[in-house]
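Colleague: As input, take entry02.txt (compact mmCIF, C-alpha atoms):
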# COMPACT_ATOMS: atom_id res chain seq x y z
CA MET A 1 109.30 -46.65 21.01
CA ALA A 2 106.26 -45.04 19.54
CA THR A 3 105.45 -41.41 20.19
CA PRO A 4 102.34 -41.06 22.33
CA PHE A 5 99.40 -38.94 21.25
CA LEU A 6 96.12 -37.90 22.78
CA LEU A 7 93.07 -40.10 22.38
CA THR A 8 89.59 -39.05 23.46
CA VAL A 9 86.58 -41.31 23.32
CA ALA A 10 83.28 -39.53 23.96
CA ALA A 11 79.70 -40.76 23.89
CA PRO A 12 76.50 -38.72 24.36
CA ALA A 13 76.37 -39.94 27.97
CA GLY A 14 79.85 -38.61 28.68
CA GLU A 15 83.54 -39.02 28.05
CA VAL A 16 84.66 -42.60 28.39
CA PHE A 17 88.38 -42.25 27.92
CA THR A 18 90.89 -39.52 27.48
CA GLY A 19 94.62 -39.97 27.69
CA GLU A 20 97.91 -40.60 25.95
CA VAL A 21 98.24 -43.69 23.81
CA ASP A 22 100.89 -45.10 21.46
CA PHE A 23 98.65 -46.76 18.93
CA VAL A 24 94.96 -47.15 18.27
CA VAL A 25 92.94 -49.40 15.98
CA VAL A 26 89.39 -48.40 15.14
CA PRO A 27 86.61 -50.19 13.25
CA GLY A 28 86.14 -48.00 10.18
CA VAL A 29 83.04 -48.48 8.04
CA GLU A 30 85.28 -49.97 5.36
CA GLY A 31 87.61 -51.98 7.52
CA GLU A 32 89.92 -51.42 10.45
CA LEU A 33 92.13 -48.38 10.64
CA GLY A 34 95.35 -48.26 12.59
CA ILE A 35 96.54 -44.87 13.76
CA LEU A 36 99.95 -43.85 15.01
CA ALA A 37 101.22 -40.47 16.10
CA ARG A 38 101.37 -37.70 13.49
CA HIS A 39 98.71 -39.27 11.31
CA ALA A 40 97.40 -37.07 8.50
CA PRO A 41 94.17 -35.16 9.26
CA LEU A 42 91.33 -37.60 8.81
CA ILE A 43 87.60 -37.74 9.25
CA ALA A 44 86.08 -41.20 9.10
CA GLY A 45 82.90 -43.07 9.88
CA LEU A 46 83.07 -45.91 12.38
CA ALA A 47 81.11 -49.13 12.47
CA THR A 48 79.97 -51.08 15.51
CA GLY A 49 82.99 -52.86 16.89
CA ILE A 50 86.01 -52.53 19.10
CA VAL A 51 88.46 -49.72 19.57
CA ARG A 52 91.82 -51.09 20.70
CA TYR A 53 94.45 -48.80 22.05
CA GLU A 54 97.95 -49.51 23.19
CA ARG A 55 99.81 -47.72 25.92
CA GLU A 56 103.24 -48.83 27.09
CA GLY A 57 102.74 -52.27 25.63
CA ARG A 58 99.36 -52.81 27.26
CA VAL A 59 96.30 -53.18 25.06
CA ARG A 60 92.88 -52.03 26.24
CA LYS A 61 89.55 -52.25 24.49
CA ILE A 62 86.46 -50.10 24.24
CA SER A 63 83.30 -51.38 22.64
CA ILE A 64 81.57 -48.80 20.47
CA GLY A 65 78.23 -48.79 18.71
CA GLY A 66 79.20 -46.87 15.60
CA GLY A 67 80.34 -43.28 15.45
CA PHE A 68 82.90 -40.91 14.01
CA LEU A 69 86.63 -40.43 14.08
CA GLU A 70 88.64 -37.31 13.66
CA VAL A 71 92.40 -36.98 13.55
CA ALA A 72 93.83 -33.48 13.68
CA ASP A 73 96.86 -31.82 15.26
CA ASN A 74 98.11 -35.17 16.49
CA LYS A 75 94.89 -35.66 18.46
CA VAL A 76 92.47 -38.47 17.87
CA THR A 77 88.83 -37.97 18.78
CA ILE A 78 86.33 -40.78 18.66
CA LEU A 79 82.69 -39.82 18.95
CA ALA A 80 80.73 -43.01 19.52
CA LYS A 81 76.98 -43.40 19.76
CA THR A 82 77.65 -45.78 22.63
CA ALA A 83 81.01 -46.51 24.22
CA GLU A 84 81.87 -48.89 27.02
CA THR A 85 85.09 -50.09 28.54
CA ALA A 86 85.38 -53.68 29.72
CA GLU A 87 84.61 -52.59 33.28
CA MET A 88 81.33 -51.04 32.18
CA ILE A 89 80.01 -54.10 30.38
CA ASP A 90 77.65 -56.52 32.05
CA ARG A 91 78.55 -59.95 30.66
CA SER A 92 75.25 -61.66 31.41
CA ARG A 93 73.31 -58.80 29.88
CA ALA A 94 75.40 -58.85 26.72
CA GLU A 95 74.99 -62.62 26.50
CA ALA A 96 71.24 -62.36 26.94
CA ALA A 97 71.11 -59.68 24.24
CA LYS A 98 73.10 -61.92 21.91
CA GLU A 99 70.70 -64.82 22.52
CA ARG A 100 67.70 -62.61 21.88
CA ALA A 101 69.11 -61.17 18.68
CA GLU A 102 70.08 -64.60 17.37
CA GLN A 103 66.65 -65.95 18.08
CA ARG A 104 65.01 -63.06 16.29
CA LEU A 105 67.27 -63.53 13.29
CA ARG A 106 66.33 -67.20 13.14
CA GLN A 107 62.65 -66.39 13.17
CA LYS A 108 63.16 -63.75 10.50
CA GLU A 109 60.64 -61.28 11.84
CA GLY A 110 60.48 -59.16 8.69
CA THR A 111 60.90 -55.50 9.62
CA ASP A 112 62.97 -56.04 12.74
CA LEU A 113 65.64 -57.98 10.92
CA LEU A 114 67.95 -54.99 10.56
CA ARG A 115 67.51 -54.03 14.15
CA ALA A 116 68.18 -57.56 15.33
CA GLU A 117 71.32 -57.66 13.25
CA ALA A 118 72.55 -54.39 14.71
CA ALA A 119 71.74 -55.66 18.21
CA LEU A 120 73.68 -58.83 17.54
CA LYS A 121 76.68 -56.86 16.36
CA ARG A 122 76.61 -54.71 19.46
CA ALA A 123 76.33 -57.72 21.75
CA LEU A 124 79.17 -59.50 20.00
CA SER A 125 81.45 -56.51 20.19
CA ARG A 126 80.70 -56.15 23.89
CA LEU A 127 81.51 -59.79 24.52
CA GLN A 128 84.73 -59.54 22.53
CA THR A 129 85.75 -56.55 24.57
CA LEU A 130 85.57 -58.71 27.65
CA ASN A 131 87.68 -61.51 26.24
CA MET B 1 34.52 -18.90 64.97
CA ALA B 2 35.88 -22.38 64.35
CA GLY B 3 36.33 -24.55 67.40
CA VAL B 4 39.72 -25.42 68.81
CA ARG B 5 39.38 -28.98 67.68
CA ASP B 6 38.61 -28.04 64.06
CA ILE B 7 41.61 -25.80 63.90
CA ARG B 8 43.84 -28.47 65.37
CA ARG B 9 42.64 -30.87 62.70
CA ARG B 10 43.47 -28.39 59.96
CA ILE B 11 46.93 -27.79 61.36
CA ARG B 12 47.57 -31.51 61.28
CA SER B 13 46.45 -31.79 57.67
CA VAL B 14 48.56 -28.82 56.57
CA ALA B 15 51.54 -30.31 58.41
CA ASN B 16 51.06 -33.54 56.48
CA MET B 17 51.04 -31.66 53.21
CA GLN B 18 54.13 -29.80 54.27
CA GLN B 19 55.92 -33.07 54.86
CA ILE B 20 55.03 -34.24 51.39
CA THR B 21 56.10 -31.06 49.64
CA LYS B 22 59.30 -31.06 51.63
CA ALA B 23 60.05 -34.63 50.59
CA MET B 24 59.26 -33.81 46.96
CA LYS B 25 61.58 -30.85 47.11
CA MET B 26 64.39 -33.00 48.41
CA VAL B 27 63.79 -35.68 45.79
CA ALA B 28 63.72 -33.04 43.05
CA ALA B 29 66.97 -31.57 44.36
CA SER B 30 68.82 -34.87 44.21
CA LYS B 31 67.39 -35.72 40.79
CA LEU B 32 68.32 -32.26 39.60
CA ARG B 33 71.91 -32.79 40.60
CA ARG B 34 72.04 -35.95 38.52
CA ALA B 35 70.28 -34.26 35.59
CA GLN B 36 72.77 -31.40 35.68
CA GLU B 37 75.65 -33.86 35.67
CA LYS B 38 74.18 -35.48 32.59
CA VAL B 39 73.86 -32.13 30.84
CA VAL B 40 77.51 -31.42 31.56
CA ALA B 41 78.58 -34.93 30.54
CA SER B 42 76.78 -34.66 27.21
CA ARG B 43 78.55 -31.45 26.25
CA PRO B 44 81.92 -32.75 25.01
CA TYR B 45 80.24 -35.11 22.54
CA ALA B 46 77.84 -32.46 21.24
CA GLU B 47 80.54 -29.82 20.99
CA LYS B 48 83.03 -32.08 19.21
CA LEU B 49 80.41 -33.34 16.83
CA ARG B 50 79.47 -29.79 15.93
CA ALA B 51 83.12 -28.90 15.40
CA MET B 52 83.66 -31.97 13.25
CA LEU B 53 80.73 -31.06 11.07
CA ALA B 54 82.04 -27.51 10.75
CA ARG B 55 85.45 -28.74 9.67
CA LEU B 56 83.91 -31.15 7.23
CA ALA B 57 82.01 -28.19 5.80
CA ALA B 58 85.20 -26.12 5.67
CA SER B 59 87.14 -28.84 3.92
CA GLY B 60 85.14 -28.05 0.80
CA GLY B 61 84.31 -30.69 -1.73
CA ASP B 62 80.89 -32.07 -2.42
CA PHE B 63 78.77 -30.81 0.41
CA SER B 64 75.14 -31.46 -0.29
CA HIS B 65 72.65 -33.62 1.48
CA PRO B 66 68.84 -33.71 1.78
CA LEU B 67 69.09 -32.69 5.44
CA LEU B 68 70.99 -29.55 4.48
CA ASP B 69 68.53 -28.54 1.78
CA LYS B 70 66.73 -25.30 2.31
CA ARG B 71 63.26 -25.34 0.85
CA PRO B 72 60.58 -22.69 0.74
CA VAL B 73 59.01 -23.02 4.17
CA LYS B 74 55.37 -24.01 3.91
CA ASN B 75 55.20 -26.42 6.83
CA ILE B 76 56.93 -25.92 10.14
CA GLY B 77 57.05 -28.62 12.77
CA TYR B 78 57.73 -27.87 16.39
CA ILE B 79 59.12 -30.44 18.78
CA LEU B 80 57.76 -29.39 22.16
CA VAL B 81 59.73 -30.87 25.04
CA SER B 82 57.34 -30.75 28.00
CA SER B 83 57.23 -32.97 31.08
CA ASP B 84 55.16 -36.03 31.90
CA LYS B 85 54.38 -34.96 35.43
CA GLY B 86 53.06 -31.79 36.94
CA LEU B 87 53.78 -30.12 40.28
CA CYS B 88 56.63 -28.21 38.76
CA GLY B 89 55.42 -24.65 38.95
CA GLY B 90 55.17 -22.72 35.73
CA PHE B 91 57.45 -25.05 33.80
CA ASN B 92 54.88 -26.50 31.43
CA ALA B 93 52.77 -23.35 31.35
CA ASN B 94 55.78 -21.35 30.16
CA LEU B 95 56.68 -23.87 27.49
CA ILE B 96 53.10 -24.10 26.29
CA ARG B 97 52.83 -20.33 26.13
CA ALA B 98 55.99 -20.19 24.03
CA ALA B 99 54.57 -22.90 21.76
CA ARG B 100 51.26 -21.08 21.38
CA GLU B 101 53.02 -17.87 20.47
CA GLU B 102 55.00 -19.73 17.82
CA LEU B 103 51.89 -21.43 16.48
CA ALA B 104 50.01 -18.13 16.29
CA VAL B 105 52.53 -16.49 13.95
CA GLU B 106 50.82 -15.73 10.66
CA ASP B 107 53.29 -15.94 7.80
CA GLY B 108 51.53 -18.30 5.47
CA ALA B 109 53.27 -21.42 6.71
CA ALA B 110 51.29 -24.22 8.32
CA ARG B 111 52.47 -25.18 11.80
CA SER B 112 52.26 -28.54 13.49
CA LEU B 113 53.55 -30.16 16.65
CA ILE B 114 55.59 -33.13 17.70
CA ILE B 115 54.95 -33.40 21.40
CA VAL B 116 57.24 -34.90 24.01
CA GLY B 117 55.71 -35.23 27.46
CA GLN B 118 52.23 -35.91 28.76
CA LYS B 119 51.56 -32.34 29.92
CA GLY B 120 52.06 -30.73 26.55
CA LEU B 121 49.99 -33.47 24.97
CA ASP B 122 47.13 -32.99 27.44
CA PHE B 123 47.01 -29.31 26.63
CA PHE B 124 47.17 -29.42 22.86
CA ARG B 125 45.04 -32.50 22.41
CA ARG B 126 42.04 -30.56 23.67
CA ARG B 127 42.66 -27.77 21.20
CA ASP B 128 42.70 -27.78 17.45
CA ALA B 129 46.42 -28.23 17.10
CA ASP B 130 47.93 -30.41 14.42
CA ILE B 131 49.85 -33.08 16.30
CA ARG B 132 52.16 -35.13 14.09
CA ALA B 133 53.65 -37.40 16.70
CA GLN B 134 53.82 -37.84 20.42
CA PHE B 135 56.32 -39.28 22.84
CA THR B 136 55.56 -39.84 26.51
CA GLY B 137 57.18 -41.71 29.35
CA THR B 138 60.78 -40.63 28.83
CA GLY B 139 61.21 -40.83 32.61
CA ASP B 140 63.50 -38.94 34.92
CA SER B 141 66.64 -39.48 32.93
CA PRO B 142 66.09 -39.31 29.19
CA ASP B 143 68.47 -41.67 27.41
CA PHE B 144 70.05 -41.31 24.02
CA ALA B 145 67.72 -43.93 22.57
CA ALA B 146 64.75 -41.65 23.27
CA ALA B 147 66.47 -38.80 21.46
CA ARG B 148 67.18 -41.15 18.60
CA ARG B 149 63.53 -42.18 18.28
CA ILE B 150 62.30 -38.60 18.25
CA ALA B 151 65.05 -37.56 15.83
CA ALA B 152 64.16 -40.42 13.48
CA GLN B 153 60.53 -39.34 13.42
CA ALA B 154 61.36 -35.69 12.80
CA THR B 155 63.91 -36.56 10.12
CA GLU B 156 61.41 -38.76 8.36
CA LEU B 157 58.78 -36.03 8.32
CA TYR B 158 61.37 -33.64 6.96
CA ALA B 159 62.76 -36.01 4.35
CA SER B 160 59.31 -36.95 3.10
CA GLY B 161 58.54 -33.29 2.53
CA ALA B 162 55.74 -33.17 5.10
CA LEU B 163 57.74 -30.57 7.01
CA ASP B 164 60.07 -27.97 5.52
CA GLU B 165 61.54 -26.91 8.80
CA VAL B 166 61.76 -28.46 12.25
CA ARG B 167 62.27 -26.43 15.39
CA VAL B 168 62.61 -27.48 19.01
CA ILE B 169 60.93 -25.73 21.91
CA TYR B 170 62.58 -26.59 25.19
CA ALA B 171 63.40 -24.97 28.51
CA ARG B 172 67.01 -23.91 28.72
CA PHE B 173 68.33 -24.44 32.20
CA VAL B 174 69.94 -21.28 33.54
CA SER B 175 69.55 -21.82 37.26
CA VAL B 176 67.17 -23.41 39.71
CA LEU B 177 65.15 -20.21 39.68
CA ASN B 178 65.43 -19.42 36.01
CA GLN B 179 64.54 -21.57 33.03
CA ILE B 180 64.05 -19.93 29.67
CA PRO B 181 61.74 -21.39 27.03
CA THR B 182 63.91 -21.49 23.94
CA VAL B 183 63.17 -22.14 20.29
CA VAL B 184 65.98 -23.48 18.10
CA ARG B 185 66.03 -24.78 14.57
CA LEU B 186 66.85 -28.44 14.15
CA LEU B 187 66.29 -28.92 10.40
CA PRO B 188 67.52 -28.04 7.88
CA ILE B 189 71.01 -28.02 9.33
CA GLU B 190 73.18 -25.03 8.61
CA PRO B 191 76.74 -25.89 9.53
CA ALA B 192 79.04 -22.97 10.08
CA ALA B 193 82.23 -23.64 8.20
CA GLU B 194 85.20 -22.85 10.40
CA GLY B 195 88.82 -23.53 11.21
CA GLY B 196 90.22 -25.03 8.03
CA ALA B 197 93.12 -26.87 9.69
CA GLY B 198 94.31 -28.18 6.38
CA GLU B 199 92.96 -30.76 4.06
CA TYR B 200 91.30 -33.77 5.58
CA ILE B 201 91.31 -37.25 4.24
CA ILE B 202 87.69 -38.26 4.34
CA GLU B 203 86.86 -41.90 4.65
CA PRO B 204 84.99 -43.41 2.93
CA SER B 205 83.66 -40.30 1.14
CA PRO B 206 82.20 -36.91 2.05
CA ALA B 207 78.73 -38.07 1.00
CA VAL B 208 78.81 -41.16 3.22
CA MET B 209 80.32 -39.13 6.04
CA LEU B 210 77.45 -36.65 5.85
CA ASP B 211 75.00 -39.52 5.86
CA LEU B 212 76.50 -40.65 9.14
CA LEU B 213 77.24 -37.30 10.74
CA LEU B 214 74.04 -35.39 10.11
CA PRO B 215 71.62 -37.81 11.83
CA GLY B 216 74.11 -38.08 14.67
CA TYR B 217 74.19 -34.31 14.93
CA ILE B 218 70.41 -34.07 15.08
CA GLU B 219 70.25 -36.79 17.71
CA SER B 220 72.87 -35.09 19.81
CA LYS B 221 71.15 -31.72 19.59
CA LEU B 222 67.82 -33.22 20.53
CA PHE B 223 69.38 -35.21 23.33
CA ASN B 224 70.79 -32.01 24.73
CA ALA B 225 67.34 -30.37 24.52
CA LEU B 226 65.80 -33.31 26.38
CA LEU B 227 68.41 -33.16 29.12
CA GLU B 228 68.15 -29.40 29.50
CA SER B 229 64.39 -29.53 29.66
CA LYS B 230 64.54 -32.27 32.26
CA ALA B 231 66.95 -30.29 34.40
CA SER B 232 64.69 -27.25 34.03
CA GLU B 233 61.66 -29.27 35.03
CA LEU B 234 63.38 -30.53 38.16
CA GLY B 235 64.64 -27.05 38.96
CA ALA B 236 61.14 -25.63 38.60
CA LYS B 237 59.76 -28.46 40.69
CA MET B 238 62.28 -27.82 43.42
CA THR B 239 61.41 -24.12 43.54
CA ALA B 240 57.68 -24.82 43.48
CA MET B 241 57.91 -27.38 46.27
CA ASP B 242 60.13 -25.09 48.29
CA SER B 243 57.60 -22.28 48.18
CA ALA B 244 54.78 -24.75 48.90
CA THR B 245 56.65 -25.86 52.02
CA GLU B 246 57.16 -22.23 52.96
CA ASN B 247 53.47 -21.48 52.46
CA ALA B 248 52.49 -24.47 54.56
CA LYS B 249 54.71 -23.20 57.36
CA GLU B 250 53.07 -19.77 57.19
CA MET B 251 49.65 -21.34 57.26
CA ILE B 252 50.51 -23.46 60.27
CA ASP B 253 51.73 -20.36 62.10
CA LYS B 254 48.50 -18.52 61.32
CA LEU B 255 46.35 -21.45 62.34
CA THR B 256 48.29 -21.96 65.54
CA LEU B 257 47.69 -18.34 66.43
CA ALA B 258 43.98 -18.69 65.65
CA MET B 259 43.83 -21.86 67.71
CA ASN B 260 45.45 -20.26 70.74
CA ARG B 261 43.09 -17.34 70.45
CA ALA B 262 40.10 -19.64 70.26
CA ARG B 263 41.35 -21.60 73.26
CA GLN B 264 41.89 -18.44 75.28
CA ALA B 265 38.44 -17.18 74.33
CA ALA B 266 36.94 -20.48 75.43
CA ILE B 267 38.75 -20.33 78.78
CA THR B 268 37.75 -16.71 79.31
CA THR B 269 34.14 -17.57 78.63
CA GLU B 270 34.34 -20.46 81.05
CA ILE B 271 35.83 -18.33 83.83
CA THR B 272 33.26 -15.62 83.24
CA GLU B 273 30.56 -18.23 83.56
CA ILE B 274 31.99 -19.65 86.78
CA VAL B 275 32.47 -16.21 88.30
CA GLY B 276 28.99 -15.23 87.15
CA GLY B 277 27.56 -18.43 88.65
CA ALA B 278 29.36 -17.88 91.98
CA ALA B 279 28.18 -14.28 92.13
CA ALA B 280 24.60 -15.40 91.60
CA LEU B 281 24.84 -17.71 94.65
CA GLU B 282 25.88 -14.99 97.09
Can you dump the structure from the file as structure tokens?
Modeller:
Amino acid sequence: MATPFLLTVAAPAGEVFTGEVDFVVVPGVEGELGILARHAPLIAGLATGIVRYEREGRVRKISIGGGFLEVADNKVTILAKTAETAEMIDRSRAEAAKERAEQRLRQKEGTDLLRAEAALKRALSRLQTLN
Amino acid sequence: MAGVRDIRRRIRSVANMQQITKAMKMVAASKLRRAQEKVVASRPYAEKLRAMLARLAASGGDFSHPLLDKRPVKNIGYILVSSDKGLCGGFNANLIRAAREELAVEDGAARSLIIVGQKGLDFFRRRDADIRAQFTGTGDSPDFAAARRIAAQATELYASGALDEVRVIYARFVSVLNQIPTVVRLLPIEPAAEGGAGEYIIEPSPAVMLDLLLPGYIESKLFNALLESKASELGAKMTAMDSATENAKEMIDKLTLAMNRARQAAITTEITEIVGGAAALE
């Protein structure tokens, strides 16, 4: 049985989640990071992707659009530029966004390529959160 | 003296205006509640981000970044957060006055503006102010994307050397009756090192972390300024519309009195005429 610790996920629009969890996996800029209780103090950058946390054997997901992670005093704080739980995501909107981004990438509209790519990543992570 | 009918017409028109100002007051009040909630909701993120930056600063190591660089200040840019719409009392006037005072300071540095909101733009466009960029149409609930756009513009001007310092002028929301025009520095960032809770592992590296954190910090600070200014605007609007409704009520009372007087005078005249006419017949 893992020791629970406090996880907080906050976005500029407000706190999305705060509570005890047993285990959390975050999308670090250089690959996924798994964090258990009593992790060493850590500051890390996060990429667009999915935060998965486990509580009493149940896994939940939060889609984030990049951000920061801090671990200190057995507390994990995730500051995400955007953060949405599965309940907050509108599937049809995410799908439409994915379509749009893919189309733009196919057309290769010069300057917007980076933006389209970022949009695609966000849409994909939202859709994965739902599945 | 105005006739009874003229006065009655005026009363009706004032009553119509009163209805409108009353409705606007109520709309502003409900929007204000939402705006205040957003201000409160944005605080944990901003506060934690600031703390994280402070701890990163305290953890020592290589801590240099273009956005932290202090340069001799020759060009100052002000981000003025005004509103798009009027009818909000002295809100914009106060902000513009604060901006003009800042612009008038003579210390050898050139001063320019980045204007958010139609009202500020309308004012400074007609004067010889140096406007670097403008943002309008942020709507009743500024979103983070808007803050990000403005932050990107300001950061670019700073990074390119066009500006050596960036400050924000916004209205800090104290209460519905009190909003204080406030000037804060946005760039360069000066993180206060604090609370060294031991050594941190920094992933991937302090330099990359700063690259990620600093823009985020600027965005969050600007976002907060946008939200506060919006709440202030709605607060000022509510107060203004409340006093307008009050004034309309006073005016209606005065006009009603005048109307009754005029009516009484008319009746008195009529009676006098009838009595006079009857007396002449006898």
Colleague: Excluding range 22-26 of chain A and any residue of its chain fewer than 3 positions from it, enumerate the residues within 10 Å of it, using all atoms listed in the file, and give them as an MDAnalysis selection string.
Modeller: chainID A and resid 1:7 29 31:37 44:62 64 68:69 76 78
Colleague: Residues as selected, C-alpha atoms, written as a PDB file, keeping the file's coordinate frame, can you do that?
Modeller:
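That gives us part_31.pdb:
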ATOM      1  CA  MET A   1     109.300 -46.650  21.010  1.00  0.00           C
ATOM      2  CA  ALA A   2     106.260 -45.040  19.540  1.00  0.00           C
ATOM      3  CA  THR A   3     105.450 -41.410  20.190  1.00  0.00           C
ATOM      4  CA  PRO A   4     102.340 -41.060  22.330  1.00  0.00           C
ATOM      5  CA  PHE A   5      99.400 -38.940  21.250  1.00  0.00           C
ATOM      6  CA  LEU A   6      96.120 -37.900  22.780  1.00  0.00           C
ATOM      7  CA  LEU A   7      93.070 -40.100  22.380  1.00  0.00           C
ATOM      8  CA  VAL A  29      83.040 -48.480   8.040  1.00  0.00           C
ATOM      9  CA  GLY A  31      87.610 -51.980   7.520  1.00  0.00           C
ATOM     10  CA  GLU A  32      89.920 -51.420  10.450  1.00  0.00           C
ATOM     11  CA  LEU A  33      92.130 -48.380  10.640  1.00  0.00           C
ATOM     12  CA  GLY A  34      95.350 -48.260  12.590  1.00  0.00           C
ATOM     13  CA  ILE A  35      96.540 -44.870  13.760  1.00  0.00           C
ATOM     14  CA  LEU A  36      99.950 -43.850  15.010  1.00  0.00           C
ATOM     15  CA  ALA A  37     101.220 -40.470  16.100  1.00  0.00           C
ATOM     16  CA  ALA A  44      86.080 -41.200   9.100  1.00  0.00           C
ATOM     17  CA  GLY A  45      82.900 -43.070   9.880  1.00  0.00           C
ATOM     18  CA  LEU A  46      83.070 -45.910  12.380  1.00  0.00           C
ATOM     19  CA  ALA A  47      81.110 -49.130  12.470  1.00  0.00           C
ATOM     20  CA  THR A  48      79.970 -51.080  15.510  1.00  0.00           C
ATOM     21  CA  GLY A  49      82.990 -52.860  16.890  1.00  0.00           C
ATOM     22  CA  ILE A  50      86.010 -52.530  19.100  1.00  0.00           C
ATOM     23  CA  VAL A  51      88.460 -49.720  19.570  1.00  0.00           C
ATOM     24  CA  ARG A  52      91.820 -51.090  20.700  1.00  0.00           C
ATOM     25  CA  TYR A  53      94.450 -48.800  22.050  1.00  0.00           C
ATOM     26  CA  GLU A  54      97.950 -49.510  23.190  1.00  0.00           C
ATOM     27  CA  ARG A  55      99.810 -47.720  25.920  1.00  0.00           C
ATOM     28  CA  GLU A  56     103.240 -48.830  27.090  1.00  0.00           C
ATOM     29  CA  GLY A  57     102.740 -52.270  25.630  1.00  0.00           C
ATOM     30  CA  ARG A  58      99.360 -52.810  27.260  1.00  0.00           C
ATOM     31  CA  VAL A  59      96.300 -53.180  25.060  1.00  0.00           C
ATOM     32  CA  ARG A  60      92.880 -52.030  26.240  1.00  0.00           C
ATOM     33  CA  LYS A  61      89.550 -52.250  24.490  1.00  0.00           C
ATOM     34  CA  ILE A  62      86.460 -50.100  24.240  1.00  0.00           C
ATOM     35  CA  ILE A  64      81.570 -48.800  20.470  1.00  0.00           C
ATOM     36  CA  PHE A  68      82.900 -40.910  14.010  1.00  0.00           C
ATOM     37  CA  LEU A  69      86.630 -40.430  14.080  1.00  0.00           C
ATOM     38  CA  VAL A  76      92.470 -38.470  17.870  1.00  0.00           C
ATOM     39  CA  ILE A  78      86.330 -40.780  18.660  1.00  0.00           C
TER      40      ILE A  78
END
Colleague: For chain A, work out the contacting residues on chain B at 12 Å, counting only C-alpha atoms, and write them as a PyMOL selection string.
Modeller: chain B and resi 35+37-57+59+141-145+147-148+195-217+219-224+227
Colleague: Excluding Ala96 in chain A and its own-chain neighbours fewer than 2 positions away, which residues fall within 12 Å of it when counting all atoms listed in the file? Please give them as a list in words.
Modeller: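 Residues near the query, excluding close chain neighbours: Asp90, Arg91, Ser92, Arg93, Ala94, Lys98, Glu99, Arg100, Ala101, Glu102, Gln103, Ala119, Leu120, Arg122, Ala123, Leu124, Arg126 and Leu127 of chain A.
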Colleague: Please indicate the distance in Å from CA of Lys85 in chain B to CA of Ala244 in chain B, rounded to one decimal place.
Modeller: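 The value is 16.9 Å.
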Colleague: What is the distance between CA of Pro72 in chain B and CA of Ala104 in chain B, in Å to one decimal?
Modeller: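 These two atoms are separated by 19.3 Å.
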